[in-house]
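*Asks:* Handing you this structure, nothing more for now.
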Amino acid sequence: MKTKTCEIAYSPQSAWKDYAATATRRKELESLAKRYIDFLSACKTERETIAYVQRRLAEKGFTENPRDGLFMRPLRGKALFAARRGKAPLAQGLRLIAAHADTPRLDFKQRPFIEQPGVTQAKTHYYGGIRKYQWLARPLSLRGVVALENGKNLAIAIGDRPGDPVFTIADLLPHLAQKQAGQPVSEAFEAEKLNIILSHAPAPGSARSRQDEEKEPLKAYLLQLLNEKYGVREEDFISADMQAVPAGPARFVGLDRALIGGYGQDDRICVFTALEAFLTAKTGRNAPNTAIMFWDKEEIGSDGATGASSRFLQFCVEDITRAWAGTLPVSQVFLNSRAISADVTGAFDPDFPEVHEKQNAAQLGYGPCFSKCGGSRGKYGASEADAEFVGELRGLLNARNIPWQIAELGKVDVGGGGTVALFLAAYGMQVIDCGPALLSMHSPFELSSSVDVFATAEAYRAFLEG
């Protein structure tokens with residue numbers, strides 16, 4: 001945030017100072033926070049997130065025809081590009097905000113179902129950087145799609161509606177955990193033991209004689225229930241994208257209801273705020289051409305057709321360039337574009353101050369955080385923003401009195417992390433990481449500040465309006 005003109009020294013300012021100052025601003029903040037909580041509670045997979053974005057864009061008139069000027073293109077239900085034609089020449093480039101829709105989770109293996117003494121379980125393969133122990137002894141819901149042989153997709157979501165059962169992974173009781181207690185965390189919790197309990201009983205009494213002949217009666221009844229409810233067979237789960245995610249809605253946290261707790265805020269907080277900014281940005285006389293890009297696979301390196309290392313963004317920009325500017329070289333569009341890699345950073349953790357360098361650590365409630373350089377250790381795997389671009393953005397937000405901060409993720413040689421910024425920078429555009437700070441990042445219950453949600457949406461909107 002801009003400091004007072006009489007001040008020479010710099011220090012970031014709490015966003016609450018301005019945004020809680022008037023009843024009107026506080027009401028706007030609370031309204032956005034409630035809508036964000038609803039979004040988090042409903043969108044727990046990348047498919048659900050992209051479907052939400054596509055639905056919101058369609059309501060605003062976006063189509064898959066680039067000549068319409070309101071263009072969107074989804075890719076396999078896991079990634080999406082959208083662009084709005086402005087008044088400025090496309091030769092001046094795009095103002096692009098890019099985020100990712102995937103989050104750490106547990107995926108079903110291709111042959112998941114197994115009967116063990118007393119229970120049937122689903123074998124899983126964890127996705128992204130999780131701390132395995134955080135997923136034990138907590139209610140889980142199952143969400144995903146089963147692709148059938150006839151080409152149809154069957155959506156499955158169990159564990160979040162009223163009356164739904166939930167699922168869980170059993171933890172080892174402390175009485176028998178003496179050996180485990182002395183092991184490093186990396187060894188004490190094994191990936192192959194992240195098995196989700198799905199059922200416990202055999203078929204009811206009417207089928208008792210048949211149960212006696214069943215080799216695996218518990219698994220047989222589980223498959224029977226799945227077949228009766230969804231019409232699926234065990235083989236159908238070979239072609240399925242099934243995820244186990246934390247059950248239950250996102251919630252306000254604290255007596256003041258100022259924090260938001262929920263699963264998947266990395267990086268759906270940036271998807272939500274970027275979409276809000278994109279849909280509400282003013283389109284005046286000199287409005288730039290603007291775009292949003294939501295990718296999949298960021299949490300596992302951005303590889304694959306729906307990840308940032310693919311050519312999907314390039315193909316979409318080529319299409320709008322042909323439609324809006326004829327023979328303009330697409331390379332000129334990319335080279336003159338400015339982009340925000342919209343991703344979160346870790347907030348200063350008061351219980352673990354030793355992993356942070358306090359002066360260059362992000363704080364909850366201080367607005368979106370710029371990260372000039374990501375990567376790790378000697379800035380490996382990073383895209384570093386030019387000083388000129390940082391100065392431009394600093395001036396833009398200060399002029400609108402929007403709070404912001406700048407930080408690194410942890411101490412040098414301790415922290416670090418990758419984003420999609422380097423994939424955007426590969427096109428030659430100006431790019432910087434910018435997003436809210438979170439506590440408990442990558443956990444099943446991440447914490448954000450409601451004022452940071454509001455400030456981030458305002459910052460993204462200012463960037464898009466230029």
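Simple scheme: letters A, B, ... for chains in structure tokens order, numbers from 1 for residues in each chain, numbers from 1 for ligands in the order shown.
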Enumerate, in order of chain and increasing residue number, the residues of region 291-359 of chain A with an atom no farther than 12 Å from region 381-395 of chain A, each with its shortest atom pair and distance in Å to one decimal, counting only C-alpha atoms, as JSON lines.

*Replies:*
{"residue": "A:Gly301", "atom": "CA", "partner": "A:Gly381", "partner_atom": "CA", "distance": 10.7}
{"residue": "A:Ser337", "atom": "CA", "partner": "A:Phe389", "partner_atom": "CA", "distance": 11.4}
{"residue": "A:Arg338", "atom": "CA", "partner": "A:Phe389", "partner_atom": "CA", "distance": 8.6}
{"residue": "A:Ala339", "atom": "CA", "partner": "A:Phe389", "partner_atom": "CA", "distance": 10.0}
{"residue": "A:Ile340", "atom": "CA", "partner": "A:Leu393", "partner_atom": "CA", "distance": 10.2}
{"residue": "A:Ser341", "atom": "CA", "partner": "A:Ser383", "partner_atom": "CA", "distance": 10.2}

*Asks:* Applying 12 Å and only C-alpha atoms, which residues near region 23-25 of chain A remain after dropping the ones on its own chain fewer than 6 positions away? List them as a VMD selection string.

*Replies:* chain A and resid 15 to 17 31 to 32 451 454 to 455

*Asks:* Select, from A:Lys44, A:His175, A:Arg268, A:Lys123, the residue with the minimum atom-to-atom distance to Pro436 (chain A), counting only C-alpha atoms.

*Replies:*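 Smallest distance to Pro436 (chain A) is found for A:Arg268.
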
*Asks:* Compare A:Arg56, A:Arg47, A:Arg161, A:Arg73 by their minimum atom-to-atom distance to Gly144 (chain A), counting only C-alpha atoms, and give me the closest one.

*Replies:* A:Arg47

*Asks:* Report as CSV: every residue of region 189-283 of chain A with an atom at most 10 Å from region 99-102 of chain A, its closest pair of atoms, and their distance in Å to one decimal, counting only C-alpha atoms, with rows sorted by chain and ascending residue number.

*Replies:*
residue,atom,partner,partner_atom,distance
A:Gly264,CA,A:Asp102,CA,8.0
A:Gln265,CA,A:Ala101,CA,9.6
A:Asp266,CA,A:Asp102,CA,8.3
A:Asp267,CA,A:His100,CA,5.9
A:Arg268,CA,A:Ala101,CA,5.9
A:Ile269,CA,A:Ala99,CA,9.3
A:Cys270,CA,A:Ala99,CA,6.2
A:Val271,CA,A:Ala99,CA,5.9
A:Phe272,CA,A:Ala99,CA,9.6
A:Ala274,CA,A:Ala99,CA,8.0

*Asks:* Write out as a tab-separated table (two decimals) with C-alpha atoms, in the first residue's frame the residues lying within 7 Å of region 237-243 of chain A, counting only C-alpha atoms and excluding same-chain residues fewer than 4 positions away.

*Replies:*
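To be explicit, this is the file written out as part-v4.tsv:
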chain	number	residue	atom	x	y	z
A	105	ARG	CA	-5.64	-34.68	-2.95
A	106	LEU	CA	-5.91	-38.47	-2.98
A	107	ASP	CA	-6.71	-40.17	-6.30
A	108	PHE	CA	-8.20	-43.64	-6.62
A	110	GLN	CA	-7.14	-47.72	-11.44
A	111	ARG	CA	-8.07	-50.92	-9.55
A	142	LEU	CA	-15.62	-38.87	-3.01
A	143	ARG	CA	-15.91	-36.79	-6.17
A	144	GLY	CA	-15.17	-37.51	-9.78
A	145	VAL	CA	-16.34	-39.02	-13.04
A	146	VAL	CA	-16.55	-42.55	-14.38
A	147	ALA	CA	-16.08	-42.76	-18.14

*Asks:* Would you mind writing down, as a list in words, each residue of region 152-263 of chain A that DSSP on the backbone assigns to strand (DSSP E or B)?

*Replies:* Asn153, Leu154, Ala155, Ile156, Ala157, Ile158, Phe167, Thr168, Ile196, Ile197, Leu198, Ser199, Ala240, Asp241, Met242, Gln243, Ala244, Val245, Pro246, Arg251, Phe252, Val253, Leu259, Ile260, Gly261 and Gly262 of chain A

*Asks:* For each of A:Glu115, A:Ala457, A:Trp324, A:Leu136, take the minimum atom-to-atom distance to Glu214 (chain A), counting only C-alpha atoms, then give the residue where this is smallest.

*Replies:* A:Glu115
